[in-house]
Amino acid sequence: MDKIWVLAEQHGEVPSAVALELLTAARGLCAVVEAVTWGPSSESAATSLGRYGATKVYDLGDIGDSLPGPKVAAAMAAQVSGGNRPDAILIGGTHDGRDIAARLSVRLDLPVLTNVVGLDESDRAMTTRHTIFGGSMVLRAEFTDGKPGIFVIRAKSFVAEPVQQAQPVEVVTIDVPDTGASDVARVVARHEEERSGPKLDEAAVVVSGGRGLGSADNYALITELAQLLNGAPGASRAIVDAGWAPYALQVGQTGKTVKPTVYIACGISGATQHMVGMKGAKNIIAINKDPEAPIFTIADLGVVGDLTKVIPKLLEAIKARR
Amino acid sequence: MNVAVCVKQIPDTADPAALDPQDHTLIRDGKLVMDDSDSYGVEMGLQLVEAAGSGGVSLVSMAPNGETGGLRNALAVGAASATLVSDPVLAGSDALGTAKVLAAAIRRLSPDLVLAGTDSTDGYTGTTPVQVAELLGWPSISFARHVEISDGVLRVERQTEAGYDEITCPLPAVVTLTAGVVEPRYPSFKGIMAAKSKPVEQLTVADLGLDPSQVGAVGARQQVISVEAAEARNRGEIVVDEGEAHQRVISFLEQLKIL
């Protein structure tokens, strides 16, 4: 392979964690790794991207109140059509990343492989790994035709590591072609969910609640346990859908991927959709009434019991230690 | 207000999923039901039409066979009609091929708004609706958790990784909905009876003027190489709570130096 591009979203002028993970993975596959980014000021982001192996950063500049999808896809497609054609484009599976991948795929008329959790070199180009059926099976796939290959990759599939010796990064400003009617949505306000402890996808301890909590009120047990362990609260899709916990706390296929030191699953049966997001935890503790719950097949410690009895005692015992 | 809702008919999630050993595609020969994730689009469509006081909800779906079982429930709760693109050449279609078919079917309806789920429950590719938007040249707002329309302008709260954004957007547009945004209604007996006579138009790929090489396994330009069991995580220790199980959790956390 001659060249790989990595899409690098920024959050407050800092590249997203998944972008650094993907740069690290790309370095292992190809000598030339370049990043595509956008933002009001990309100078410091470009330096960070260089530290993780990007030799060149394509910068769209400030996209204002636009959603990234149309503009970023159009700018990347214009580069490719103009002859600047990488072998692969790696995109983190964030909300914006998925929008960009979808629009880029149409603009280039090329397919996308999504939910990728691993990449391997092959004689032809690159093969992907995907976990299916709740992580019990690994599927490998590849493109049969077309370049660049567009890959949407789940967060935390790779561990980000800086390069030994960072090279100077060349920042190239790229044009954004006219995106017409596809780019008429405008962000008029941004809100961040209030959070007191560590971030869900960075916390060493994650305490998650599921349908087995029985009621929205019992979610307070989850937040209190998380707080006492200096961890982050999480939630299954079932209780997010039911409105017991905000979406930002959802762990799983359609939510966040977490890999904490310990994951405590409370009243979570272990649906496929949930397992995908937490199976990478170093240690798993499960508390569930149902001894047949699938979560027990992957738990290092399983407590068969009523969480409304077990968790209050646990809270008390932890408080008594202080 | 005319709303097109993309719906996918999938194997019942209560049945264990399996892959075809030959081509590694999901086996779909059992009974198909409408993906639960799409019930929110149907309900949201009905509510927006009701709020506007005119128009209707049309369903758009694609299947390699003529399966309509998964559409009847949505017609029973109030969708006015359905378009089903059904053609053997569609077998093995990927997200882009599916988007080409859906976009062509949607063009014939010229709706004000297209609604879809963020991901399907069987495939989880999660790119099709925005690919439809790009094919139509329309804006898209993914991961909506609240949608309203006033004076022809969409106002959407879009979930972000950290919270949510408020977004405005003129119509027409494509919006993908997170699960739980609205409470899907149940069909009445009258609705179930009425659904039997609602129009379900069946189209082929040729009817849409699409080149068959753009869809199906050929258009997908990707293949599964292998499917293997993942490295298993071993079942650990199981403690049945008889009042003291929390102590074992404490000692486990101590071993990990969390406590």
# chains A, B, ... in the order shown; residues from 1 in each chain; ligands from 1
>>> interface_residues(of="chain B", to="chain A", cutoff="6 Å", atoms="only C-alpha atoms", output="NGL selection string")
:B and (125 or 127 or 130-131 or 134 or 137-139 or 162-169 or 179-180 or 221-230 or 233-241 or 246)
>>> write_last_selection(atoms="C-alpha atoms", output="mmCIF file, in the first residue's frame")
data_model
loop_
_atom_site.group_PDB
_atom_site.id
_atom_site.type_symbol
_atom_site.label_atom_id
_atom_site.label_comp_id
_atom_site.auth_asym_id
_atom_site.auth_seq_id
_atom_site.Cartn_x
_atom_site.Cartn_y
_atom_site.Cartn_z
ATOM 1 C CA THR B 125 -24.160 -0.865 8.995
ATOM 2 C CA THR B 127 -24.815 4.334 6.601
ATOM 3 C CA VAL B 130 -27.259 9.300 4.794
ATOM 4 C CA GLN B 131 -26.245 7.613 1.530
ATOM 5 C CA GLU B 134 -26.430 12.215 -0.678
ATOM 6 C CA GLY B 137 -28.739 15.766 -2.938
ATOM 7 C CA TRP B 138 -30.567 16.496 0.318
ATOM 8 C CA PRO B 139 -29.390 17.513 3.777
ATOM 9 C CA ALA B 162 -21.194 14.517 24.641
ATOM 10 C CA GLY B 163 -24.775 15.832 24.655
ATOM 11 C CA TYR B 164 -26.910 17.242 21.877
ATOM 12 C CA ASP B 165 -26.971 19.955 19.206
ATOM 13 C CA GLU B 166 -29.968 22.027 18.154
ATOM 14 C CA ILE B 167 -30.253 22.043 14.389
ATOM 15 C CA THR B 168 -32.501 23.841 11.931
ATOM 16 C CA CYS B 169 -32.930 22.699 8.364
ATOM 17 C CA ALA B 179 -34.741 4.517 19.435
ATOM 18 C CA GLY B 180 -37.267 5.717 21.984
ATOM 19 C CA ARG B 221 -17.845 -5.209 -4.332
ATOM 20 C CA GLN B 222 -16.967 -6.818 -1.018
ATOM 21 C CA GLN B 223 -16.826 -10.361 0.263
ATOM 22 C CA VAL B 224 -16.658 -12.280 3.483
ATOM 23 C CA ILE B 225 -13.458 -14.320 3.644
ATOM 24 C CA SER B 226 -14.087 -16.302 6.799
ATOM 25 C CA VAL B 227 -16.195 -16.566 9.931
ATOM 26 C CA GLU B 228 -14.630 -18.063 13.031
ATOM 27 C CA ALA B 229 -15.394 -18.355 16.709
ATOM 28 C CA ALA B 230 -13.947 -15.427 18.644
ATOM 29 C CA ARG B 233 -13.925 -15.159 27.483
ATOM 30 C CA ASN B 234 -14.203 -17.761 30.163
ATOM 31 C CA ARG B 235 -17.098 -17.948 32.534
ATOM 32 C CA GLY B 236 -15.754 -16.912 35.910
ATOM 33 C CA GLU B 237 -16.853 -17.444 39.464
ATOM 34 C CA ILE B 238 -20.574 -17.412 40.226
ATOM 35 C CA VAL B 239 -21.834 -16.422 43.655
ATOM 36 C CA VAL B 240 -25.488 -16.812 44.583
ATOM 37 C CA ASP B 241 -26.490 -13.989 46.902
ATOM 38 C CA HIS B 246 -21.470 -7.918 48.199
#
>>> residues_around(residues="Ile174 (chain A)", least_positions_apart="4", cutoff="10 Å", atoms="only C-alpha atoms", output="PyMOL selection string")
chain A and resi 36-38+57-61+75-76+78-79
>>> write_last_selection(atoms="C-alpha atoms", output="CSV table (one decimal), in the first residue's frame")
chain,number,residue,atom,x,y,z
A,36,VAL,CA,-7.9,15.0,7.0
A,37,THR,CA,-9.2,17.5,9.5
A,38,TRP,CA,-11.3,20.7,9.9
A,57,VAL,CA,-2.6,17.1,7.3
A,58,TYR,CA,-5.2,18.2,4.9
A,59,ASP,CA,-7.2,21.0,6.5
A,60,LEU,CA,-10.6,22.2,5.3
A,61,GLY,CA,-10.5,25.2,7.8
A,75,ALA,CA,-13.6,18.0,0.0
A,76,MET,CA,-12.2,14.5,0.3
A,78,ALA,CA,-12.6,16.3,-4.8
A,79,GLN,CA,-9.0,15.3,-3.8
>>> select_by_dssp(residues="region 137-300 of chain A", states="strand (DSSP E or B)", output="CSV table (one decimal) with C-alpha atoms, in the first residue's frame")
chain,number,residue,atom,x,y,z
A,137,MET,CA,-17.8,-14.8,16.2
A,138,VAL,CA,-15.2,-12.9,14.1
A,139,LEU,CA,-16.0,-12.2,10.5
A,140,ARG,CA,-13.2,-11.3,8.1
A,141,ALA,CA,-14.0,-9.3,4.9
A,142,GLU,CA,-12.4,-7.5,2.1
A,143,PHE,CA,-13.2,-5.2,-0.9
A,149,GLY,CA,-11.4,1.4,0.4
A,150,ILE,CA,-13.6,3.2,2.9
A,151,PHE,CA,-13.4,1.7,6.4
A,152,VAL,CA,-15.5,2.8,9.4
A,153,ILE,CA,-13.8,1.6,12.5
A,170,GLU,CA,3.0,19.6,6.4
A,171,VAL,CA,-0.4,21.3,6.6
A,172,VAL,CA,-2.2,21.6,3.3
A,173,THR,CA,-5.4,23.7,3.1
A,186,ARG,CA,-27.3,24.6,10.6
A,187,VAL,CA,-26.2,24.0,14.1
A,188,VAL,CA,-27.8,26.8,16.1
A,189,ALA,CA,-26.8,25.7,19.6
A,190,ARG,CA,-24.6,23.0,21.2
A,191,HIS,CA,-25.3,21.4,24.6
A,192,GLU,CA,-23.1,19.1,26.7
A,205,VAL,CA,-14.4,1.8,36.4
A,206,VAL,CA,-17.8,1.7,34.6
A,207,VAL,CA,-21.0,0.8,36.4
A,208,SER,CA,-23.9,0.2,34.1
A,209,GLY,CA,-27.5,-0.4,34.7
A,232,ALA,CA,-18.5,6.6,35.2
A,233,PRO,CA,-22.2,5.4,35.0
A,234,GLY,CA,-23.3,3.6,31.9
A,235,ALA,CA,-26.6,2.2,30.6
A,250,GLN,CA,-25.3,4.2,26.5
A,251,VAL,CA,-22.8,1.4,26.1
A,256,LYS,CA,-20.1,3.9,23.3
A,262,VAL,CA,-13.6,-3.2,35.6
A,263,TYR,CA,-17.1,-3.1,34.2
A,264,ILE,CA,-19.9,-3.7,36.6
A,265,ALA,CA,-23.1,-4.8,34.8
A,266,CYS,CA,-26.2,-4.4,37.0
A,283,ASN,CA,-12.6,-7.5,34.2
A,284,ILE,CA,-16.4,-7.9,34.2
A,285,ILE,CA,-18.6,-8.2,37.3
A,286,ALA,CA,-22.3,-9.0,36.6
A,287,ILE,CA,-25.2,-8.7,39.1
A,288,ASN,CA,-28.4,-10.2,37.8
>>> residues_around(residues="Leu208 (chain B)", least_positions_apart="4", cutoff="9 Å", atoms="only C-alpha atoms", output="JSON, numbers by chain")
{"B": [85, 101, 104, 105, 108, 203, 204]}
>>> atom_distance(atom1="CA of Gly83 (chain A)", atom2="CA of Ala8 (chain A)")
21.2 Å
>>> residues_around(residues="Val153 (chain B)", least_positions_apart="2", cutoff="9 Å", atoms="only C-alpha atoms", output="list in words")
Glu148, Ile149, Ser150, Asp151, Arg155, Thr168, Cys169, Pro170 and Leu171 of chain B
>>> write_last_selection(atoms="C-alpha atoms", output="CSV table (one decimal), in the first residue's frame")
chain,number,residue,atom,x,y,z
B,148,GLU,CA,-40.6,19.2,15.0
B,149,ILE,CA,-41.5,21.2,12.0
B,150,SER,CA,-42.8,24.7,11.8
B,151,ASP,CA,-43.2,26.9,8.7
B,155,ARG,CA,-36.0,21.8,14.2
B,168,THR,CA,-32.5,23.8,11.9
B,169,CYS,CA,-32.9,22.7,8.4
B,170,PRO,CA,-35.3,23.5,5.5
B,171,LEU,CA,-37.2,20.7,3.8
>>> select_by_dssp(residues="region 21-91 of chain A", states="alpha helix (DSSP H)", output="count of residues only")
30
>>> closest_residue(among="A:Ser157, A:Ser16, A:Ser81, A:Ser196", to="Val258 (chain A)", atoms="only C-alpha atoms")
A:Ser157
>>> atom_distance(atom1="CA of Gly45 (chain B)", atom2="CA of Leu115 (chain B)")
7.3 Å
>>> residues_around(residues="Thr121 (chain B)", least_positions_apart="4", cutoff="8 Å", atoms="only C-alpha atoms", output="JSON, numbers by chain")
{"B": [10, 35, 36, 37]}
>>> write_last_selection(atoms="N, CA and C atoms", output="compact mmCIF listing (two decimals), in the first residue's frame")
# COMPACT_ATOMS: atom_id res chain seq x y z
N ILE B 10 -36.73 -7.75 8.84
CA ILE B 10 -35.57 -8.54 9.28
C ILE B 10 -36.06 -9.83 9.94
N ASP B 35 -38.23 -4.24 11.52
CA ASP B 35 -37.24 -3.89 12.52
C ASP B 35 -37.87 -2.92 13.53
N ASP B 36 -37.75 -3.25 14.82
CA ASP B 36 -38.26 -2.37 15.88
C ASP B 36 -37.75 -0.95 15.75
N SER B 37 -36.48 -0.80 15.31
CA SER B 37 -35.88 0.54 15.18
C SER B 37 -36.67 1.41 14.21
>>> decode(residues="region 126-172 of chain A", atoms="C-alpha atoms", output="PDB file, in the first residue's frame")
ATOM      1  CA  MET A 126      -6.447  -5.073   3.331  1.00  0.00           C
ATOM      2  CA  THR A 127      -8.774  -7.391   5.195  1.00  0.00           C
ATOM      3  CA  THR A 128     -11.070  -6.324   8.003  1.00  0.00           C
ATOM      4  CA  ARG A 129     -12.242  -8.013  11.167  1.00  0.00           C
ATOM      5  CA  HIS A 130     -15.750  -7.545  12.534  1.00  0.00           C
ATOM      6  CA  THR A 131     -17.249  -9.083  15.642  1.00  0.00           C
ATOM      7  CA  ILE A 132     -20.746 -10.455  15.151  1.00  0.00           C
ATOM      8  CA  PHE A 133     -23.386 -12.141  17.287  1.00  0.00           C
ATOM      9  CA  GLY A 134     -22.400 -10.269  20.436  1.00  0.00           C
ATOM     10  CA  GLY A 135     -18.713 -10.835  19.901  1.00  0.00           C
ATOM     11  CA  SER A 136     -18.928 -14.631  19.826  1.00  0.00           C
ATOM     12  CA  MET A 137     -17.806 -14.805  16.195  1.00  0.00           C
ATOM     13  CA  VAL A 138     -15.210 -12.933  14.147  1.00  0.00           C
ATOM     14  CA  LEU A 139     -15.957 -12.245  10.506  1.00  0.00           C
ATOM     15  CA  ARG A 140     -13.228 -11.251   8.058  1.00  0.00           C
ATOM     16  CA  ALA A 141     -14.037  -9.336   4.913  1.00  0.00           C
ATOM     17  CA  GLU A 142     -12.392  -7.459   2.084  1.00  0.00           C
ATOM     18  CA  PHE A 143     -13.231  -5.239  -0.862  1.00  0.00           C
ATOM     19  CA  THR A 144     -13.079  -6.973  -4.218  1.00  0.00           C
ATOM     20  CA  ASP A 145     -12.747  -3.836  -6.311  1.00  0.00           C
ATOM     21  CA  GLY A 146     -12.246  -0.093  -6.095  1.00  0.00           C
ATOM     22  CA  LYS A 147      -9.854   2.293  -4.416  1.00  0.00           C
ATOM     23  CA  PRO A 148      -9.789   3.880  -1.935  1.00  0.00           C
ATOM     24  CA  GLY A 149     -11.354   1.382   0.431  1.00  0.00           C
ATOM     25  CA  ILE A 150     -13.564   3.233   2.914  1.00  0.00           C
ATOM     26  CA  PHE A 151     -13.443   1.732   6.400  1.00  0.00           C
ATOM     27  CA  VAL A 152     -15.547   2.810   9.402  1.00  0.00           C
ATOM     28  CA  ILE A 153     -13.816   1.581  12.534  1.00  0.00           C
ATOM     29  CA  ARG A 154     -15.126   1.183  16.066  1.00  0.00           C
ATOM     30  CA  ALA A 155     -13.468   3.247  18.792  1.00  0.00           C
ATOM     31  CA  LYS A 156     -10.906   1.452  20.972  1.00  0.00           C
ATOM     32  CA  SER A 157     -10.149  -1.198  18.360  1.00  0.00           C
ATOM     33  CA  PHE A 158      -6.516  -0.077  18.515  1.00  0.00           C
ATOM     34  CA  VAL A 159      -4.316   1.392  21.229  1.00  0.00           C
ATOM     35  CA  ALA A 160      -2.968   4.849  20.360  1.00  0.00           C
ATOM     36  CA  GLU A 161       0.813   5.133  20.626  1.00  0.00           C
ATOM     37  CA  PRO A 162       2.893   8.163  19.658  1.00  0.00           C
ATOM     38  CA  VAL A 163       5.796   7.728  17.248  1.00  0.00           C
ATOM     39  CA  GLN A 164       9.362   7.548  18.626  1.00  0.00           C
ATOM     40  CA  GLN A 165      10.455  10.621  16.725  1.00  0.00           C
ATOM     41  CA  ALA A 166       7.813  12.980  15.404  1.00  0.00           C
ATOM     42  CA  GLN A 167       8.545  14.345  11.930  1.00  0.00           C
ATOM     43  CA  PRO A 168       7.529  17.866  10.942  1.00  0.00           C
ATOM     44  CA  VAL A 169       3.952  17.930   9.636  1.00  0.00           C
ATOM     45  CA  GLU A 170       3.010  19.592   6.397  1.00  0.00           C
ATOM     46  CA  VAL A 171      -0.403  21.289   6.642  1.00  0.00           C
ATOM     47  CA  VAL A 172      -2.188  21.629   3.304  1.00  0.00           C
TER      48      VAL A 172
END
